[in-house]
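One structure is given here, and the rest of the page talks about it.
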Amino acid sequence: AFFSYSSIDKDIVHEIAEQFTNRGVRIWLDKTHIEVELNRAMKQGILDSALVVLFISDSYIESEYCELEYNYAKDMKKKLYPVRLSRSRAVLESDPSFLTSGKL
């Protein structure tokens, strides 16, 4: 799964990613897949992922880079799963079982 998020929200997103990684789910994060130029790495990460999880916050909506990730994922017809972030919690906007169902 490719995690698309604003860098402002990285602490909570990295915490969530760790929980899923501990369950055997492969997660693409910019902190772990940054060996090549960022834009190319982002595109390859989306192409290599079965789905894209969008961590939506005010900062996400304002980010041009997040918009690029979203648009590229949509153009590539990837499955999109929005997660609405607030300051204290994450609220899945869809059934969270997609991450642990073994279908990734």
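As shown in the structure tokens, the chain order sets the letters A, B, ...; within each chain, residues go from 1, and ligands are also counted from 1 in the order they appear.
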So that I can see what lies close to segment 50-62 of chain A, please list as an mmCIF file with C-alpha atoms, in the first residue's frame the residues with an atom at most 9 Å from it, counting only C-alpha atoms and leaving out residues fewer than 4 positions away in the same chain.
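What ended up in result11.cif:
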data_model
loop_
_atom_site.group_PDB
_atom_site.id
_atom_site.type_symbol
_atom_site.label_atom_id
_atom_site.label_comp_id
_atom_site.auth_asym_id
_atom_site.auth_seq_id
_atom_site.Cartn_x
_atom_site.Cartn_y
_atom_site.Cartn_z
ATOM 1 C CA ALA A 1 0.000 0.000 0.000
ATOM 2 C CA PHE A 2 1.215 3.501 -0.820
ATOM 3 C CA PHE A 3 0.614 5.997 2.003
ATOM 4 C CA SER A 4 -0.037 9.521 0.726
ATOM 5 C CA TYR A 5 0.156 12.175 3.447
ATOM 6 C CA SER A 6 1.352 15.647 4.294
ATOM 7 C CA SER A 7 4.744 15.832 6.002
ATOM 8 C CA ILE A 8 3.040 17.779 8.778
ATOM 9 C CA ASP A 9 1.108 14.597 9.610
ATOM 10 C CA VAL A 13 0.991 8.293 9.696
ATOM 11 C CA ILE A 46 2.201 4.180 -6.637
ATOM 12 C CA CYS A 66 -0.159 15.550 -2.089
ATOM 13 C CA GLU A 67 -2.360 16.710 -4.945
ATOM 14 C CA TYR A 70 -3.590 11.838 -5.560
ATOM 15 C CA ALA A 73 -2.898 7.485 -8.344
ATOM 16 C CA LYS A 78 -5.426 2.714 -8.292
ATOM 17 C CA LYS A 79 -7.832 1.816 -5.502
ATOM 18 C CA LEU A 80 -8.057 4.868 -3.229
ATOM 19 C CA TYR A 81 -8.867 4.608 0.483
ATOM 20 C CA PRO A 82 -9.307 7.926 2.305
ATOM 21 C CA VAL A 83 -8.464 8.284 5.995
ATOM 22 C CA ARG A 84 -9.525 11.547 7.570
ATOM 23 C CA LEU A 85 -6.989 12.848 10.092
ATOM 24 C CA SER A 86 -7.719 15.138 12.991
ATOM 25 C CA ARG A 87 -5.193 16.327 15.557
ATOM 26 C CA ALA A 90 -7.418 8.911 12.358
ATOM 27 C CA LYS A 103 -5.335 -9.365 -0.616
ATOM 28 C CA LEU A 104 -2.530 -6.849 -1.022
#
Item to check | Backbone-only DSSP, strand (DSSP E or B) members of segment 2-95 of chain A, as a ChimeraX atom specification | outcome: /A:2-4,28,51-56,79-85,90-92
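Taking atom CA of Arg23 of chain A as the reference point, atom CA of Glu37 of chain A is found at 29.2 Å.
Between atom CA of Met42 of chain A and atom CA of Glu64 of chain A there is a distance of 13.6 Å.
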Checklist entry - Among segment 2-39 of chain A, which ones does DSSP place in helix (DSSP H, G or I), written as a ChimeraX atom specification? => result /A:7-21,38-39
Kindly export the residues of the current selection with all heavy atoms, as a compact mmCIF listing (two decimals), in the first residue's frame.
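out02.txt, freshly written:
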# COMPACT_ATOMS: atom_id res chain seq x y z
N SER A 7 3.62 15.99 5.07
CA SER A 7 4.74 15.83 6.00
C SER A 7 4.40 16.36 7.39
O SER A 7 4.95 15.89 8.38
CB SER A 7 6.00 16.52 5.46
OG SER A 7 5.76 17.90 5.28
N ILE A 8 3.47 17.26 7.48
CA ILE A 8 3.04 17.78 8.78
C ILE A 8 2.40 16.67 9.60
O ILE A 8 2.47 16.66 10.83
CB ILE A 8 2.09 18.98 8.59
CG1 ILE A 8 2.87 20.16 8.02
CG2 ILE A 8 1.39 19.36 9.89
CD1 ILE A 8 2.03 21.34 7.60
N ASP A 9 1.81 15.69 8.93
CA ASP A 9 1.11 14.60 9.61
C ASP A 9 1.96 13.34 9.74
O ASP A 9 1.47 12.27 10.09
CB ASP A 9 -0.17 14.25 8.83
CG ASP A 9 -1.09 15.44 8.66
OD1 ASP A 9 -1.29 16.16 9.66
OD2 ASP A 9 -1.61 15.64 7.55
N LYS A 10 3.26 13.46 9.50
CA LYS A 10 4.11 12.26 9.42
C LYS A 10 4.14 11.44 10.70
O LYS A 10 4.20 10.22 10.63
CB LYS A 10 5.53 12.62 8.99
CG LYS A 10 6.32 13.35 10.03
CD LYS A 10 7.72 13.66 9.53
CE LYS A 10 8.45 14.44 10.58
NZ LYS A 10 9.77 14.81 10.17
N ASP A 11 4.08 12.06 11.87
CA ASP A 11 4.18 11.29 13.11
C ASP A 11 3.05 10.29 13.24
O ASP A 11 3.28 9.10 13.50
CB ASP A 11 4.21 12.21 14.33
CG ASP A 11 5.51 13.01 14.43
OD1 ASP A 11 6.52 12.59 13.81
OD2 ASP A 11 5.52 14.04 15.12
N ILE A 12 1.81 10.73 13.04
CA ILE A 12 0.67 9.82 13.18
C ILE A 12 0.65 8.80 12.04
O ILE A 12 0.36 7.63 12.25
CB ILE A 12 -0.68 10.56 13.30
CG1 ILE A 12 -1.78 9.56 13.68
CG2 ILE A 12 -1.03 11.31 12.05
CD1 ILE A 12 -3.07 10.19 14.14
N VAL A 13 1.00 9.22 10.83
CA VAL A 13 0.99 8.29 9.70
C VAL A 13 2.07 7.24 9.86
O VAL A 13 1.83 6.05 9.61
CB VAL A 13 1.15 9.06 8.37
CG1 VAL A 13 1.33 8.10 7.21
CG2 VAL A 13 -0.06 9.96 8.13
N HIS A 14 3.25 7.62 10.32
CA HIS A 14 4.32 6.64 10.53
C HIS A 14 3.95 5.66 11.64
O HIS A 14 4.29 4.48 11.57
CB HIS A 14 5.63 7.35 10.82
CG HIS A 14 6.21 8.03 9.62
ND1 HIS A 14 7.45 8.60 9.61
CD2 HIS A 14 5.70 8.24 8.38
CE1 HIS A 14 7.68 9.12 8.42
NE2 HIS A 14 6.64 8.93 7.67
N GLU A 15 3.24 6.15 12.65
CA GLU A 15 2.76 5.26 13.72
C GLU A 15 1.77 4.23 13.17
O GLU A 15 1.85 3.04 13.47
CB GLU A 15 2.12 6.09 14.82
CG GLU A 15 1.65 5.30 16.01
CD GLU A 15 1.02 6.19 17.08
OE1 GLU A 15 1.56 7.28 17.34
OE2 GLU A 15 -0.01 5.79 17.62
N ILE A 16 0.86 4.69 12.33
CA ILE A 16 -0.12 3.79 11.71
C ILE A 16 0.60 2.80 10.79
O ILE A 16 0.32 1.60 10.81
CB ILE A 16 -1.19 4.59 10.94
CG1 ILE A 16 -2.05 5.39 11.92
CG2 ILE A 16 -2.05 3.67 10.07
CD1 ILE A 16 -2.92 6.45 11.26
N ALA A 17 1.55 3.29 10.01
CA ALA A 17 2.30 2.42 9.10
C ALA A 17 3.04 1.33 9.86
O ALA A 17 3.06 0.17 9.44
CB ALA A 17 3.29 3.25 8.28
N GLU A 18 3.62 1.68 10.99
CA GLU A 18 4.34 0.70 11.80
C GLU A 18 3.40 -0.41 12.27
O GLU A 18 3.77 -1.59 12.27
CB GLU A 18 5.00 1.38 12.99
CG GLU A 18 5.83 0.43 13.84
CD GLU A 18 6.52 1.15 14.99
OE1 GLU A 18 6.65 2.38 14.96
OE2 GLU A 18 6.92 0.44 15.94
N GLN A 19 2.19 -0.04 12.66
CA GLN A 19 1.23 -1.04 13.11
C GLN A 19 0.90 -2.03 12.00
O GLN A 19 0.81 -3.24 12.24
CB GLN A 19 -0.04 -0.36 13.62
CG GLN A 19 0.16 0.43 14.89
CD GLN A 19 -1.08 1.22 15.28
OE1 GLN A 19 -2.19 0.87 14.91
NE2 GLN A 19 -0.89 2.29 16.03
N PHE A 20 0.73 -1.54 10.79
CA PHE A 20 0.43 -2.44 9.68
C PHE A 20 1.65 -3.23 9.24
O PHE A 20 1.54 -4.40 8.88
CB PHE A 20 -0.19 -1.67 8.52
CG PHE A 20 -1.62 -1.31 8.78
CD1 PHE A 20 -1.98 -0.02 9.11
CD2 PHE A 20 -2.61 -2.27 8.71
CE1 PHE A 20 -3.30 0.30 9.37
CE2 PHE A 20 -3.93 -1.97 8.97
CZ PHE A 20 -4.28 -0.67 9.31
N THR A 21 2.82 -2.61 9.26
CA THR A 21 4.06 -3.31 8.92
C THR A 21 4.29 -4.46 9.88
O THR A 21 4.71 -5.56 9.47
CB THR A 21 5.25 -2.34 8.94
OG1 THR A 21 5.01 -1.30 7.98
CG2 THR A 21 6.54 -3.04 8.59
N LEU A 38 12.71 12.17 -5.88
CA LEU A 38 11.44 12.01 -5.18
C LEU A 38 10.23 11.82 -6.10
O LEU A 38 9.43 10.92 -5.90
CB LEU A 38 11.21 13.20 -4.24
CG LEU A 38 9.99 13.11 -3.34
CD1 LEU A 38 10.05 11.88 -2.46
CD2 LEU A 38 9.87 14.36 -2.49
N ASN A 39 10.09 12.63 -7.13
CA ASN A 39 8.92 12.52 -8.00
C ASN A 39 8.90 11.16 -8.70
O ASN A 39 7.86 10.52 -8.78
CB ASN A 39 8.92 13.66 -9.01
CG ASN A 39 7.59 13.82 -9.72
OD1 ASN A 39 6.54 13.71 -9.10
ND2 ASN A 39 7.64 14.05 -11.01
Checklist entry - Looking at A:Asp48, A:Ser63, A:Arg40, A:Asp75, which one is nearest to Arg26 of chain A, with distances taken over only C-alpha atoms? => result A:Asp48
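Atom CA of Leu68 of chain A is positioned 9.5 Å from atom CA of Lys43 of chain A.
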